[in-house]
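To keep things clear, I will list the structure first and then write my remarks on it.
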Amino acid sequence: MKVLVVGGGGREHALCWKINKSPLVEKVYCAPGNAGIKDIAECIDISATDFEGLISFTKENDVELTVVGPEIPLSFGIVDEFEKEGLKIFGPSKAAAQIEGSKVFSKNLMKKYNIPTAKYETFTDLDKALEFTKELDTPFVVKADGLAAGKGVIICNSIIEGEKALNSIMNEKAFGEAGDHVVIEQFLIGEEASFFAFTDGVNVLPLESSQDHKAIYDGDTGPNTGGMGAYSPAPIAEGLHDRIMSEIMVPAISGLSDEGCNYKGILYAGLMINNGEIKALEFNCRFGDPEAQPLLMRMESDIVPIMLEISEGNLRHSEIKWRNGSSVCVVMASKGYPGKYKKGFPLKRLSNIETCDDLIVFHAGTKLEENTVVTNGGRVLGVTSFAKSLGDSIKKAYVAVDSIKEDGLIFRLDIGKKGLA
Ligand code: AMP
Ligand code: GLY
């Protein structure tokens, strides 16, 4: 069978790699893909939001399953458009994807279905929002309702900072319409973890735990990014698996169903864990990037039958087999990221490492220019390793990072370290 993966980041490289391993799959396409994906899939020059183009392509090429990586096409309704044409696609509908696309929707869902989360209020009126911040202890968190490329969340340490954040989001429209509505919530302390489950809206199949490293600098300092590295499993979530399922994942999925938006795909919960107390920070309607890279490297079961069953609305798998060991992904990003950075730097040292199932350099922002791989985005590479222990996996990833690093690339030196403590 032929499969199309939509997207072109590190997560999509990992998805193409995993899907390619399925004995059911004869060919993988990726739209638009990147320079690394080109080695394992046929990249086609169609944007992830050109639904008409993607639908024509799948019909003309007898693609049997389409798998969507990023949140933007999901929030714009790619699944609804494909299903109207009778095409199989893995991902939630536009209505269900609101769980990521609207923080107001998501927080209200959590409240209604008793999912533990930070106390909050929502506002469309700037003056009322400003008034509310005076009632809160600091720090508090201001969030733009809509998608804002991970930048719409501002932690405020004073009322003045709150005023600045609200002005920038609601008045100056720093994130456009995404800021018409805001959530203001209590700041939570603890350690973050990521949790994922496959679901057809009724049956829920959890993945193993993982942890992202959101901040740009070592020791979780500096501004937040899309994720500078991840590892799996994450000790912080060990022993909490059943409670994460019963307190967070299952109520969210059945709540969505009760609201009339059955969720099909992979649901991502961003969690804050503090002394055994679990709270949901947010939900996303897709795999995490970079969490997908270590999770997929560890996943032993074939992913394709699971995705097919979900796209047909009938998830029958009740178990996933995992490689027993640890996987780590160290992200190498362009100097300047998550702020301004330049593109087009050649990556000349990639051939220094030989990749295998225990060591892969997943590409994110890369492209081919006259046969040379050059940087083409903020996050550039995700060096992903597997070993029996977390310590060995970290060592293996950093040996590889050292042998391919370039002057224009930055990376954290402490990915996975929290898991060793
Ligand atoms: P979100 O997109 O809502 O997950 O927010 C992005 C990041 O902001 C999270 O991964 C946390 O690091 C941080 N964050 C969001 N909400 C809170 C909160 N209530 N308390 C502490 N940190 C938060
Ligand atoms: N790793 C964070 C995200 O995918 O949103």
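In the structure tokens, chains take letters A, B, ... by order of appearance, with residues numbered from 1 within each chain and ligands from 1 in the order shown.
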
| Neighbours of ligand 1 within 10 Å, counting only C-alpha atoms and all ligand atoms, as an MDAnalysis selection string? | chainID A and resid 100 103 106:107 117:120 139:145 147:155 183:194 212:215 220 223:227 269:272 279:284

| message | Based on the backbone DSSP call, show me all residues of range 327-413 of chain A assigned strand (DSSP E), as a ChimeraX atom specification. | response | /A:327-334,359-363,366-369,372-375,379-387,409-410

| task | Please indicate the distance in Å from CA of Ile360 in chain A to CA of Phe57 in chain A, rounded to one decimal place. | result | 29.2 Å

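Minimum atom-to-atom distance to ligand 2, evaluated using only C-alpha atoms and all ligand atoms, belongs to A:Asp289 out of A:Glu42, A:Asp289, A:Glu71, A:Glu300.
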
| message | Set the distance at 7 Å and use only C-alpha atoms: which residues neighbour range 356-358 of chain A once local chain neighbours fewer than 2 positions away are removed? I'd like the list as a ChimeraX atom specification. | response | /A:354,360,385-386

| Close residues, Lys418 in chain A itself excluded, 12 Å, only C-alpha atoms, min 4 positions apart in chain, as a PyMOL selection string | chain A and resi 191-193+210-213+218-220+229-236+328+390-391+394+413-414

Write out the residues from the selection above, keeping N, CA and C atoms, as a JSON list (two decimals), in the first residue's frame.
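result_2.json written:
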[["chain", "number", "residue", "atom", "x", "y", "z"],
["A", 191, "GLU", "N", 7.14, 19.39, 37.37],
["A", 191, "GLU", "CA", 7.94, 18.98, 36.22],
["A", 191, "GLU", "C", 7.00, 18.58, 35.10],
["A", 192, "GLU", "N", 7.34, 19.01, 33.88],
["A", 192, "GLU", "CA", 6.46, 18.70, 32.75],
["A", 192, "GLU", "C", 6.77, 17.33, 32.15],
["A", 193, "ALA", "N", 5.73, 16.68, 31.64],
["A", 193, "ALA", "CA", 5.91, 15.43, 30.89],
["A", 193, "ALA", "C", 4.89, 15.42, 29.75],
["A", 210, "SER", "N", 7.12, 10.12, 27.89],
["A", 210, "SER", "CA", 8.25, 10.85, 27.31],
["A", 210, "SER", "C", 8.32, 12.23, 27.95],
["A", 211, "GLN", "N", 9.44, 12.88, 27.76],
["A", 211, "GLN", "CA", 9.61, 14.23, 28.30],
["A", 211, "GLN", "C", 10.35, 15.09, 27.29],
["A", 212, "ASP", "N", 9.82, 16.28, 27.09],
["A", 212, "ASP", "CA", 10.40, 17.26, 26.18],
["A", 212, "ASP", "C", 11.27, 18.23, 26.99],
["A", 213, "HIS", "N", 12.11, 18.99, 26.33],
["A", 213, "HIS", "CA", 12.90, 20.05, 26.98],
["A", 213, "HIS", "C", 12.58, 21.33, 26.23],
["A", 218, "ASP", "N", 20.38, 25.14, 28.67],
["A", 218, "ASP", "CA", 20.55, 24.10, 29.69],
["A", 218, "ASP", "C", 19.89, 24.51, 31.00],
["A", 219, "GLY", "N", 19.44, 23.52, 31.74],
["A", 219, "GLY", "CA", 18.82, 23.78, 33.04],
["A", 219, "GLY", "C", 17.45, 24.42, 32.89],
["A", 220, "ASP", "N", 16.82, 24.23, 31.73],
["A", 220, "ASP", "CA", 15.48, 24.77, 31.47],
["A", 220, "ASP", "C", 15.44, 26.28, 31.67],
["A", 229, "GLY", "N", 14.74, 18.85, 22.68],
["A", 229, "GLY", "CA", 15.18, 17.47, 22.85],
["A", 229, "GLY", "C", 14.15, 16.73, 23.66],
["A", 230, "ALA", "N", 14.15, 15.41, 23.56],
["A", 230, "ALA", "CA", 13.17, 14.61, 24.29],
["A", 230, "ALA", "C", 13.75, 13.23, 24.53],
["A", 231, "TYR", "N", 13.15, 12.52, 25.48],
["A", 231, "TYR", "CA", 13.58, 11.15, 25.71],
["A", 231, "TYR", "C", 12.40, 10.31, 26.19],
["A", 232, "SER", "N", 12.55, 9.02, 26.06],
["A", 232, "SER", "CA", 11.50, 8.09, 26.47],
["A", 232, "SER", "C", 12.13, 6.78, 26.91],
["A", 233, "PRO", "N", 11.67, 6.12, 27.99],
["A", 233, "PRO", "CA", 10.61, 6.58, 28.89],
["A", 233, "PRO", "C", 11.11, 7.66, 29.84],
["A", 234, "ALA", "N", 10.16, 8.37, 30.48],
["A", 234, "ALA", "CA", 10.49, 9.46, 31.40],
["A", 234, "ALA", "C", 10.14, 9.03, 32.83],
["A", 235, "PRO", "N", 11.14, 8.89, 33.70],
["A", 235, "PRO", "CA", 10.88, 8.42, 35.07],
["A", 235, "PRO", "C", 9.83, 9.24, 35.82],
["A", 236, "ILE", "N", 9.73, 10.53, 35.53],
["A", 236, "ILE", "CA", 8.77, 11.38, 36.25],
["A", 236, "ILE", "C", 7.33, 10.85, 36.10],
["A", 328, "VAL", "N", 16.78, 8.78, 23.11],
["A", 328, "VAL", "CA", 17.03, 10.20, 23.37],
["A", 328, "VAL", "C", 17.13, 10.93, 22.03],
["A", 390, "LEU", "N", 19.40, 4.73, 29.83],
["A", 390, "LEU", "CA", 19.29, 6.15, 29.45],
["A", 390, "LEU", "C", 20.69, 6.77, 29.36],
["A", 391, "GLY", "N", 21.56, 6.43, 30.31],
["A", 391, "GLY", "CA", 22.91, 7.00, 30.30],
["A", 391, "GLY", "C", 23.63, 6.68, 29.00],
["A", 394, "ILE", "N", 22.13, 8.62, 26.05],
["A", 394, "ILE", "CA", 22.57, 10.03, 26.04],
["A", 394, "ILE", "C", 23.99, 10.12, 25.46],
["A", 413, "LEU", "N", 23.12, 20.75, 26.19],
["A", 413, "LEU", "CA", 24.05, 19.69, 26.59],
["A", 413, "LEU", "C", 23.46, 18.76, 27.64],
["A", 414, "ASP", "N", 22.19, 19.04, 28.05],
["A", 414, "ASP", "CA", 21.64, 18.29, 29.19],
["A", 414, "ASP", "C", 20.36, 17.52, 28.86]]

| request: May I have the residues within 8 Å of Thr49 in chain A as number ranges by chain, using only C-alpha atoms and disregarding those fewer than 6 positions away in the same chain? | output: A: 72-73, 76, 78

Same residues, N, CA, C and O atoms, saved as a PDB file, in the first residue's frame:
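This went into again_3.pdb:
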ATOM      1  N   ILE A  72      -1.502  22.621  12.014  1.00  0.00           N
ATOM      2  CA  ILE A  72      -2.191  23.641  11.192  1.00  0.00           C
ATOM      3  C   ILE A  72      -3.148  23.000  10.179  1.00  0.00           C
ATOM      4  O   ILE A  72      -4.334  23.344  10.158  1.00  0.00           O
ATOM      5  N   PRO A  73      -2.700  22.032   9.366  1.00  0.00           N
ATOM      6  CA  PRO A  73      -3.682  21.426   8.454  1.00  0.00           C
ATOM      7  C   PRO A  73      -4.840  20.752   9.209  1.00  0.00           C
ATOM      8  O   PRO A  73      -5.985  20.793   8.729  1.00  0.00           O
ATOM      9  N   PHE A  76      -7.237  23.377  10.240  1.00  0.00           N
ATOM     10  CA  PHE A  76      -7.926  23.947   9.069  1.00  0.00           C
ATOM     11  C   PHE A  76      -8.916  22.945   8.451  1.00  0.00           C
ATOM     12  O   PHE A  76      -9.610  23.274   7.505  1.00  0.00           O
ATOM     13  N   ILE A  78      -8.251  19.459   7.327  1.00  0.00           N
ATOM     14  CA  ILE A  78      -7.796  18.536   6.277  1.00  0.00           C
ATOM     15  C   ILE A  78      -8.531  17.194   6.351  1.00  0.00           C
ATOM     16  O   ILE A  78      -8.889  16.603   5.323  1.00  0.00           O
TER      17      ILE A  78
END
